[in-house]
$ cat structure-v3.cif   # mmCIF, N, CA and C atoms and all ligand atoms
data_upload
#
loop_
_atom_site.label_atom_id
_atom_site.label_comp_id
_atom_site.auth_asym_id
_atom_site.auth_seq_id
_atom_site.Cartn_x
_atom_site.Cartn_y
_atom_site.Cartn_z
N MET A 290 0.84 -1.21 0.00
CA MET A 290 0.00 0.00 0.00
C MET A 290 0.87 1.25 0.00
N GLY A 291 1.83 1.29 0.97
CA GLY A 291 2.73 2.43 1.05
C GLY A 291 3.58 2.55 -0.20
N LYS A 292 3.98 1.39 -0.72
CA LYS A 292 4.80 1.40 -1.95
C LYS A 292 4.01 1.96 -3.12
N ARG A 293 2.74 1.56 -3.20
CA ARG A 293 1.91 2.05 -4.30
C ARG A 293 1.75 3.55 -4.22
N LEU A 294 1.54 4.05 -3.02
CA LEU A 294 1.37 5.49 -2.86
C LEU A 294 2.61 6.24 -3.27
N SER A 295 3.78 5.72 -2.87
CA SER A 295 4.99 6.46 -3.22
C SER A 295 5.27 6.37 -4.72
N LEU A 296 4.87 5.25 -5.34
CA LEU A 296 5.02 5.15 -6.80
C LEU A 296 4.12 6.19 -7.46
N ALA A 297 2.89 6.32 -6.94
CA ALA A 297 1.96 7.32 -7.50
C ALA A 297 2.52 8.73 -7.35
N SER A 298 3.11 9.02 -6.20
CA SER A 298 3.68 10.37 -6.01
C SER A 298 4.87 10.57 -6.94
N ALA A 299 5.66 9.53 -7.14
CA ALA A 299 6.82 9.65 -8.03
C ALA A 299 6.36 9.93 -9.46
N VAL A 300 5.30 9.25 -9.89
CA VAL A 300 4.78 9.46 -11.23
C VAL A 300 4.26 10.89 -11.36
N LEU A 301 3.55 11.33 -10.35
CA LEU A 301 3.01 12.69 -10.38
C LEU A 301 4.13 13.72 -10.44
N LEU A 302 5.16 13.49 -9.64
CA LEU A 302 6.30 14.42 -9.63
C LEU A 302 6.96 14.45 -11.01
N LEU A 303 7.11 13.26 -11.61
CA LEU A 303 7.70 13.17 -12.95
C LEU A 303 6.86 13.96 -13.94
N ILE A 304 5.54 13.81 -13.87
CA ILE A 304 4.65 14.53 -14.79
C ILE A 304 4.83 16.04 -14.61
N LEU A 305 4.93 16.47 -13.38
CA LEU A 305 5.10 17.91 -13.11
C LEU A 305 6.43 18.41 -13.66
N VAL A 306 7.48 17.62 -13.49
CA VAL A 306 8.80 18.03 -13.99
C VAL A 306 8.77 18.11 -15.51
N VAL A 307 8.17 17.09 -16.15
CA VAL A 307 8.07 17.09 -17.60
C VAL A 307 7.25 18.30 -18.06
N GLU A 308 6.18 18.57 -17.35
CA GLU A 308 5.31 19.71 -17.69
C GLU A 308 6.09 21.02 -17.65
N ILE A 309 6.87 21.23 -16.59
CA ILE A 309 7.61 22.47 -16.44
C ILE A 309 8.64 22.61 -17.57
N GLN A 310 9.31 21.50 -17.91
CA GLN A 310 10.30 21.57 -18.98
C GLN A 310 9.65 21.78 -20.34
N CYS A 311 8.53 21.07 -20.57
CA CYS A 311 7.87 21.18 -21.88
C CYS A 311 7.30 22.57 -22.11
N ALA A 312 6.91 23.23 -21.04
CA ALA A 312 6.33 24.56 -21.19
C ALA A 312 7.31 25.47 -21.91
N ASN A 313 8.61 25.24 -21.72
CA ASN A 313 9.61 26.07 -22.38
C ASN A 313 10.13 25.46 -23.67
N GLU A 314 10.28 24.14 -23.67
CA GLU A 314 10.97 23.51 -24.80
C GLU A 314 10.04 23.01 -25.88
N ASP A 315 8.76 22.94 -25.63
CA ASP A 315 7.84 22.32 -26.56
C ASP A 315 6.64 23.24 -26.78
N PRO A 316 6.89 24.44 -27.31
CA PRO A 316 5.82 25.44 -27.36
C PRO A 316 4.59 25.02 -28.17
N ASP A 317 4.77 24.12 -29.14
CA ASP A 317 3.61 23.72 -29.92
C ASP A 317 3.19 22.28 -29.64
N GLY A 318 3.73 21.73 -28.58
CA GLY A 318 3.41 20.35 -28.24
C GLY A 318 2.05 20.22 -27.59
N LEU A 319 1.70 19.00 -27.26
CA LEU A 319 0.37 18.74 -26.72
C LEU A 319 0.20 19.25 -25.30
N ILE A 320 1.34 19.39 -24.60
CA ILE A 320 1.23 19.75 -23.19
C ILE A 320 0.90 21.22 -23.05
N ASN A 321 1.46 22.02 -23.90
CA ASN A 321 1.22 23.46 -23.81
C ASN A 321 0.74 23.95 -25.17
N ILE A 322 -0.42 23.48 -25.56
CA ILE A 322 -0.94 23.62 -26.91
C ILE A 322 -1.46 25.03 -27.17
N ARG A 323 -1.31 25.50 -28.42
CA ARG A 323 -1.94 26.77 -28.78
C ARG A 323 -3.36 26.47 -29.23
N ARG A 324 -4.32 27.09 -28.56
CA ARG A 324 -5.72 26.83 -28.86
C ARG A 324 -6.34 28.03 -29.55
N HIS A 325 -7.25 27.74 -30.46
CA HIS A 325 -7.95 28.79 -31.19
C HIS A 325 -9.42 28.71 -30.81
N VAL A 326 -9.96 29.83 -30.40
CA VAL A 326 -11.38 29.87 -30.08
C VAL A 326 -12.10 30.61 -31.22
N HIS A 327 -13.19 30.05 -31.68
CA HIS A 327 -13.98 30.64 -32.76
C HIS A 327 -15.39 30.86 -32.24
N VAL A 328 -15.93 32.05 -32.46
CA VAL A 328 -17.34 32.29 -32.13
C VAL A 328 -18.02 32.74 -33.41
N ARG A 329 -18.92 31.92 -33.92
CA ARG A 329 -19.57 32.15 -35.21
C ARG A 329 -20.97 32.73 -35.05
N ASN A 330 -21.36 33.51 -36.03
CA ASN A 330 -22.76 33.95 -36.10
C ASN A 330 -23.45 33.07 -37.13
N ASP A 331 -24.29 32.15 -36.66
CA ASP A 331 -25.07 31.29 -37.55
C ASP A 331 -26.56 31.55 -37.30
N ILE A 332 -26.88 32.79 -36.92
CA ILE A 332 -28.26 33.10 -36.52
C ILE A 332 -29.15 33.30 -37.74
N SER A 333 -28.92 34.38 -38.48
CA SER A 333 -29.71 34.61 -39.69
C SER A 333 -29.03 35.73 -40.46
N PRO A 334 -29.29 35.83 -41.79
CA PRO A 334 -28.60 36.84 -42.61
C PRO A 334 -28.78 38.27 -42.11
N THR A 335 -29.87 38.54 -41.39
CA THR A 335 -30.10 39.92 -40.95
C THR A 335 -29.58 40.18 -39.54
N ALA A 336 -29.16 39.14 -38.83
CA ALA A 336 -28.77 39.31 -37.42
C ALA A 336 -27.30 39.68 -37.29
N LYS A 337 -27.06 40.74 -36.53
CA LYS A 337 -25.69 41.11 -36.21
C LYS A 337 -25.43 40.71 -34.76
N LEU A 338 -24.36 39.99 -34.57
CA LEU A 338 -24.04 39.50 -33.23
C LEU A 338 -23.05 40.44 -32.57
N ASN A 339 -23.43 41.03 -31.45
CA ASN A 339 -22.52 41.87 -30.66
C ASN A 339 -21.79 40.99 -29.67
N LEU A 340 -20.48 41.11 -29.67
CA LEU A 340 -19.67 40.18 -28.89
C LEU A 340 -18.60 40.94 -28.12
N HIS A 341 -18.42 40.56 -26.87
CA HIS A 341 -17.37 41.16 -26.06
C HIS A 341 -16.77 40.06 -25.19
N CYS A 342 -15.54 39.64 -25.50
CA CYS A 342 -14.91 38.53 -24.79
C CYS A 342 -13.70 39.01 -23.99
N LYS A 343 -13.50 38.34 -22.86
CA LYS A 343 -12.41 38.71 -21.95
C LYS A 343 -11.86 37.49 -21.24
N SER A 344 -10.65 37.64 -20.74
CA SER A 344 -10.15 36.70 -19.74
C SER A 344 -9.74 37.56 -18.56
N LYS A 345 -9.16 36.95 -17.56
CA LYS A 345 -8.70 37.70 -16.40
C LYS A 345 -7.68 38.76 -16.83
N ASP A 346 -6.85 38.41 -17.83
CA ASP A 346 -5.75 39.29 -18.23
C ASP A 346 -6.00 40.08 -19.51
N ASP A 347 -6.89 39.61 -20.35
CA ASP A 347 -7.07 40.23 -21.66
C ASP A 347 -8.51 40.65 -21.89
N ASP A 348 -8.66 41.87 -22.42
CA ASP A 348 -9.96 42.32 -22.89
C ASP A 348 -9.88 42.32 -24.41
N LEU A 349 -10.66 41.48 -25.05
CA LEU A 349 -10.56 41.33 -26.50
C LEU A 349 -11.38 42.38 -27.25
N GLY A 350 -12.09 43.23 -26.51
CA GLY A 350 -12.81 44.34 -27.13
C GLY A 350 -14.18 43.94 -27.65
N GLN A 351 -14.90 44.97 -28.11
CA GLN A 351 -16.25 44.74 -28.63
C GLN A 351 -16.18 44.50 -30.13
N HIS A 352 -16.97 43.54 -30.59
CA HIS A 352 -16.96 43.19 -32.01
C HIS A 352 -18.38 42.94 -32.49
N VAL A 353 -18.60 43.29 -33.74
CA VAL A 353 -19.88 42.97 -34.36
C VAL A 353 -19.60 41.90 -35.41
N VAL A 354 -20.23 40.75 -35.27
CA VAL A 354 -19.98 39.62 -36.17
C VAL A 354 -21.22 39.45 -37.06
N THR A 355 -21.01 39.58 -38.36
CA THR A 355 -22.13 39.42 -39.29
C THR A 355 -22.35 37.94 -39.59
N TYR A 356 -23.43 37.67 -40.31
CA TYR A 356 -23.86 36.30 -40.56
C TYR A 356 -22.76 35.46 -41.24
N GLN A 357 -22.57 34.29 -40.72
CA GLN A 357 -21.58 33.30 -41.20
C GLN A 357 -20.14 33.79 -41.13
N GLN A 358 -19.92 34.82 -40.31
CA GLN A 358 -18.55 35.24 -40.02
C GLN A 358 -18.24 34.78 -38.61
N GLU A 359 -16.99 34.92 -38.23
CA GLU A 359 -16.63 34.51 -36.88
C GLU A 359 -15.61 35.48 -36.29
N PHE A 360 -15.60 35.52 -34.98
CA PHE A 360 -14.56 36.22 -34.24
C PHE A 360 -13.66 35.13 -33.68
N THR A 361 -12.35 35.30 -33.82
CA THR A 361 -11.47 34.23 -33.38
C THR A 361 -10.24 34.80 -32.67
N TRP A 362 -9.73 34.05 -31.73
CA TRP A 362 -8.49 34.43 -31.07
C TRP A 362 -7.79 33.15 -30.62
N SER A 363 -6.53 33.29 -30.25
CA SER A 363 -5.83 32.10 -29.80
C SER A 363 -5.05 32.42 -28.53
N PHE A 364 -4.74 31.38 -27.83
CA PHE A 364 -3.95 31.53 -26.60
C PHE A 364 -3.28 30.19 -26.34
N ARG A 365 -2.29 30.21 -25.49
CA ARG A 365 -1.60 28.99 -25.14
C ARG A 365 -2.23 28.40 -23.89
N GLY A 366 -2.76 27.20 -24.00
CA GLY A 366 -3.45 26.59 -22.87
C GLY A 366 -2.58 25.55 -22.21
N ASN A 367 -2.46 25.67 -20.93
CA ASN A 367 -1.69 24.72 -20.15
C ASN A 367 -2.66 23.68 -19.61
N ILE A 368 -2.35 22.40 -19.81
CA ILE A 368 -3.33 21.39 -19.42
C ILE A 368 -3.55 21.32 -17.92
N PHE A 369 -2.64 21.88 -17.13
CA PHE A 369 -2.84 21.83 -15.69
C PHE A 369 -3.50 23.10 -15.15
N ALA A 370 -3.51 24.12 -15.96
CA ALA A 370 -4.08 25.38 -15.49
C ALA A 370 -5.50 25.52 -16.05
N ARG A 371 -6.31 26.28 -15.39
CA ARG A 371 -7.63 26.57 -15.91
C ARG A 371 -7.56 27.91 -16.61
N THR A 372 -7.76 27.89 -17.90
CA THR A 372 -7.74 29.13 -18.66
C THR A 372 -9.18 29.48 -18.97
N LEU A 373 -9.56 30.67 -18.63
CA LEU A 373 -10.96 31.00 -18.68
C LEU A 373 -11.18 32.25 -19.52
N PHE A 374 -12.02 32.13 -20.52
CA PHE A 374 -12.49 33.29 -21.26
C PHE A 374 -13.99 33.32 -21.15
N TRP A 375 -14.55 34.50 -21.09
CA TRP A 375 -16.00 34.57 -21.12
C TRP A 375 -16.41 35.69 -22.07
N CYS A 376 -17.61 35.56 -22.61
CA CYS A 376 -18.11 36.52 -23.58
C CYS A 376 -19.52 36.95 -23.20
N ASN A 377 -19.78 38.24 -23.42
CA ASN A 377 -21.15 38.71 -23.41
C ASN A 377 -21.56 38.83 -24.86
N MET A 378 -22.74 38.37 -25.19
CA MET A 378 -23.18 38.54 -26.57
C MET A 378 -24.67 38.81 -26.61
N ASN A 379 -25.07 39.50 -27.65
CA ASN A 379 -26.49 39.75 -27.85
C ASN A 379 -26.77 40.04 -29.32
N TRP A 380 -28.02 39.93 -29.67
CA TRP A 380 -28.47 40.27 -31.03
C TRP A 380 -29.95 40.61 -30.93
N THR A 381 -30.43 41.32 -31.93
CA THR A 381 -31.82 41.76 -31.94
C THR A 381 -32.49 41.19 -33.18
N ASN A 382 -33.65 40.58 -33.01
CA ASN A 382 -34.32 40.05 -34.20
C ASN A 382 -35.10 41.16 -34.91
N ARG A 383 -35.73 40.82 -36.04
CA ARG A 383 -36.37 41.86 -36.83
C ARG A 383 -37.55 42.51 -36.12
N ALA A 384 -38.14 41.79 -35.15
CA ALA A 384 -39.23 42.36 -34.36
C ALA A 384 -38.70 43.26 -33.24
N GLY A 385 -37.37 43.37 -33.12
CA GLY A 385 -36.78 44.24 -32.11
C GLY A 385 -36.57 43.58 -30.76
N HIS A 386 -36.77 42.27 -30.71
CA HIS A 386 -36.57 41.56 -29.44
C HIS A 386 -35.08 41.31 -29.22
N LEU A 387 -34.61 41.64 -28.01
CA LEU A 387 -33.18 41.47 -27.68
C LEU A 387 -32.94 40.09 -27.07
N PHE A 388 -31.94 39.37 -27.59
CA PHE A 388 -31.54 38.08 -27.04
C PHE A 388 -30.13 38.25 -26.51
N GLN A 389 -29.88 37.81 -25.30
CA GLN A 389 -28.52 37.96 -24.79
C GLN A 389 -28.09 36.77 -23.96
N GLN A 390 -26.79 36.67 -23.80
CA GLN A 390 -26.24 35.58 -23.01
C GLN A 390 -24.81 35.94 -22.63
N SER A 391 -24.42 35.44 -21.49
CA SER A 391 -23.06 35.60 -21.05
C SER A 391 -22.56 34.18 -20.85
N PHE A 392 -21.43 33.84 -21.43
CA PHE A 392 -21.02 32.44 -21.33
C PHE A 392 -19.51 32.29 -21.28
N THR A 393 -19.10 31.14 -20.81
CA THR A 393 -17.70 30.78 -20.71
C THR A 393 -17.29 30.13 -22.02
N THR A 394 -16.29 30.68 -22.69
CA THR A 394 -15.92 30.12 -23.98
C THR A 394 -14.88 29.03 -23.87
N TYR A 395 -14.05 29.11 -22.87
CA TYR A 395 -13.04 28.07 -22.78
C TYR A 395 -12.66 27.84 -21.34
N GLU A 396 -12.83 26.64 -20.90
CA GLU A 396 -12.35 26.26 -19.59
C GLU A 396 -11.97 24.80 -19.73
N SER A 397 -10.70 24.48 -19.57
CA SER A 397 -10.22 23.16 -19.97
C SER A 397 -11.01 22.01 -19.35
N LYS A 398 -11.51 22.18 -18.14
CA LYS A 398 -12.19 21.05 -17.51
C LYS A 398 -13.66 20.95 -17.90
N VAL A 399 -14.22 22.03 -18.38
CA VAL A 399 -15.65 22.02 -18.67
C VAL A 399 -15.92 21.80 -20.14
N THR A 400 -15.16 22.50 -20.99
CA THR A 400 -15.40 22.39 -22.42
C THR A 400 -14.13 21.87 -23.09
N PRO A 401 -13.97 20.55 -23.07
CA PRO A 401 -12.75 20.01 -23.66
C PRO A 401 -12.76 20.18 -25.17
N CYS A 402 -11.71 20.74 -25.70
CA CYS A 402 -11.57 20.80 -27.15
C CYS A 402 -10.08 20.71 -27.45
N GLY A 403 -9.76 20.40 -28.68
CA GLY A 403 -8.35 20.25 -29.06
C GLY A 403 -7.76 21.60 -29.40
N LYS A 404 -7.26 21.73 -30.62
CA LYS A 404 -6.65 22.99 -31.00
C LYS A 404 -7.70 24.04 -31.34
N ASP A 405 -8.90 23.58 -31.69
CA ASP A 405 -9.95 24.52 -32.06
C ASP A 405 -11.17 24.33 -31.18
N CYS A 406 -11.60 25.43 -30.57
CA CYS A 406 -12.80 25.42 -29.75
C CYS A 406 -13.82 26.26 -30.51
N VAL A 407 -14.86 25.63 -31.03
CA VAL A 407 -15.77 26.31 -31.94
C VAL A 407 -17.14 26.48 -31.30
N TRP A 408 -17.57 27.77 -31.25
CA TRP A 408 -18.90 28.10 -30.74
C TRP A 408 -19.71 28.67 -31.88
N SER A 409 -21.00 28.35 -31.88
CA SER A 409 -21.88 28.79 -32.94
C SER A 409 -23.15 29.38 -32.32
N ALA A 410 -23.37 30.69 -32.56
CA ALA A 410 -24.61 31.32 -32.09
C ALA A 410 -25.70 31.03 -33.11
N ARG A 411 -26.83 30.51 -32.65
CA ARG A 411 -27.95 30.15 -33.52
C ARG A 411 -29.22 30.75 -32.96
N THR A 412 -30.34 30.57 -33.66
CA THR A 412 -31.57 31.24 -33.22
C THR A 412 -31.99 30.82 -31.82
N ASP A 413 -31.74 29.60 -31.43
CA ASP A 413 -32.19 29.15 -30.11
C ASP A 413 -31.12 29.24 -29.02
N GLY A 414 -29.89 29.56 -29.37
CA GLY A 414 -28.88 29.67 -28.32
C GLY A 414 -27.48 29.47 -28.87
N VAL A 415 -26.55 29.22 -27.96
CA VAL A 415 -25.14 29.11 -28.32
C VAL A 415 -24.71 27.64 -28.25
N TYR A 416 -24.18 27.16 -29.35
CA TYR A 416 -23.77 25.76 -29.47
C TYR A 416 -22.26 25.64 -29.39
N PHE A 417 -21.82 24.50 -28.93
CA PHE A 417 -20.40 24.18 -28.83
C PHE A 417 -20.12 22.94 -29.68
N LEU A 418 -19.06 22.98 -30.46
CA LEU A 418 -18.69 21.81 -31.27
C LEU A 418 -18.01 20.78 -30.38
N ASP A 419 -18.73 19.72 -30.11
CA ASP A 419 -18.19 18.65 -29.28
C ASP A 419 -17.32 17.76 -30.16
N ASN A 420 -16.01 17.83 -29.96
CA ASN A 420 -15.09 17.08 -30.82
C ASN A 420 -15.21 15.57 -30.66
N PHE A 421 -15.75 15.15 -29.53
CA PHE A 421 -15.84 13.70 -29.32
C PHE A 421 -17.02 13.11 -30.09
N VAL A 422 -18.14 13.80 -30.12
CA VAL A 422 -19.28 13.27 -30.87
C VAL A 422 -19.33 13.86 -32.28
N GLY A 423 -18.51 14.88 -32.55
CA GLY A 423 -18.41 15.43 -33.90
C GLY A 423 -19.61 16.23 -34.35
N ARG A 424 -20.34 16.83 -33.42
CA ARG A 424 -21.44 17.70 -33.83
C ARG A 424 -21.66 18.79 -32.78
N PHE A 425 -22.44 19.80 -33.18
CA PHE A 425 -22.72 20.92 -32.28
C PHE A 425 -23.80 20.55 -31.26
N VAL A 426 -23.57 20.94 -30.03
CA VAL A 426 -24.58 20.72 -28.99
C VAL A 426 -24.95 22.07 -28.36
N LEU A 427 -26.23 22.24 -28.06
CA LEU A 427 -26.70 23.47 -27.45
C LEU A 427 -26.24 23.54 -26.00
N VAL A 428 -25.51 24.60 -25.66
CA VAL A 428 -25.00 24.72 -24.28
C VAL A 428 -25.71 25.85 -23.53
N TYR A 429 -25.92 27.00 -24.19
CA TYR A 429 -26.57 28.13 -23.53
C TYR A 429 -27.75 28.60 -24.37
N SER A 430 -28.95 28.62 -23.78
CA SER A 430 -30.10 29.20 -24.47
C SER A 430 -30.08 30.71 -24.26
N TRP A 431 -30.69 31.46 -25.17
CA TRP A 431 -30.74 32.92 -25.02
C TRP A 431 -31.62 33.29 -23.84
N LYS A 432 -31.28 34.42 -23.24
CA LYS A 432 -32.11 34.95 -22.15
C LYS A 432 -33.05 35.99 -22.72
C1 LIG B 501 -24.79 44.00 -26.38
O1 LIG B 501 -23.46 43.52 -26.29
C2 LIG B 501 -22.47 44.52 -26.42
C3 LIG B 501 -21.13 43.80 -26.38
O2 LIG B 501 -20.98 43.09 -25.18
C4 LIG B 501 -22.62 45.54 -25.32
O3 LIG B 501 -21.66 46.55 -25.46
C5 LIG B 501 -24.01 46.13 -25.36
O4 LIG B 501 -24.17 46.99 -24.27
C6 LIG B 501 -25.06 45.03 -25.31
N1 LIG B 501 -26.37 45.61 -25.51
C7 LIG B 501 -27.35 45.43 -24.64
C8 LIG B 501 -28.63 46.09 -24.99
O5 LIG B 501 -27.23 44.75 -23.64
#
$ encode --input "structure-v3.cif" --output "structure tokens"
Amino acid sequence: MGKRLSLASAVLLLILVVEIQCANEDPDGLINIRRHVHVRNDISPTAKLNLHCKSKDDDLGQHVVTYQQEFTWSFRGNIFARTLFWCNMNWTNRAGHLFQQSFTTYESKVTPCGKDCVWSARTDGVYFLDNFVGRFVLVYSWK
């Protein structure tokens, strides 16, 4: 039992050491991967999507995304750290009704994605491309 525990700690320590070294020596490797986040407007040809995304350190500014266009940015994600971006978004339909939502665009433990994290705003809400099932799933409905 004690031996197993110390083996587990040794493995964990090794992983941490490898992680620290790879962060510097393997900038495009899997451990410290560059991730691209895409937020698409798939609502309707007349809908303009207002988008404002931020992380703790970066304010990506306000953007207006027209139909079938996307706003995209990239960052280096550490698999052991939680990297968090969130966006406020809204759009108005032709009847003048405002739809809005505030959502988390990337958090390694909640929304697993590989190099590309793809979000799609649609008439009923905001979808996330689930890389494991290979299709978009509705994550946030409009408020
Ligand atoms: C819509 O979103 C933009 C970008 O976040 C924001 O500046 C604006 O105030 C929002 N509009 C409303 C009516 O909430």
$ closest_residue --input "structure-v3.cif" --among "A:Val422, A:Ala410, A:Leu340, A:Val326" --to "ligand LIG 501 (chain B)" --atoms "only N, CA and C atoms and all ligand atoms"
A:Leu340
$ residues_near_point --input "structure-v3.cif" --point "(-22.0, 23.9, -32.3)" --cutoff "6 Å" --atoms "only N, CA and C atoms" --output "list of chain:residue names"
A:Val407, A:Trp408, A:Ser409, A:Tyr416, A:Phe417, A:Leu418, A:Asp419, A:Arg424, A:Phe425, A:Val426
$ closest_atom_pairs --input "structure-v3.cif" --of "chain A" --to "ligand LIG 501 (chain B)" --cutoff "5 Å" --atoms "only N, CA and C atoms and all ligand atoms" --output "tab-separated table"
residue	atom	partner	partner_atom	distance
A:Asn339	C	B:LIG501	C3	4.4
A:Leu340	C	B:LIG501	C3	4.2
A:His341	N	B:LIG501	O2	4.0
A:Asn377	C	B:LIG501	O2	4.3
A:Met378	C	B:LIG501	O1	4.9
A:Asn379	N	B:LIG501	O1	4.5
$ atom_distance --input "structure-v3.cif" --atom1 "atom N of A:Gln390" --atom2 "atom C of A:Asp413"
10.1 Å
$ residues_around --input "structure-v3.cif" --residues "A:Ser344" --least-positions-apart "6" --cutoff "9 Å" --atoms "only C-alpha atoms" --output "list in words"
Thr372, Leu373, Phe374, Trp375 and Cys376 of chain A
$ atom_distance --input "structure-v3.cif" --atom1 "atom C of A:Gly423" --atom2 "atom C of A:Gly403"
13.9 Å
$ atom_distance --input "structure-v3.cif" --atom1 "atom C of A:Thr381" --atom2 "atom N of A:Thr335"
9.0 Å
$ residues_near_point --input "structure-v3.cif" --point "(-25.3, 45.4, -36.2)" --cutoff "8 Å" --atoms "only C-alpha atoms" --output "PyMOL selection string"
chain A and resi 336-339+353-355+380
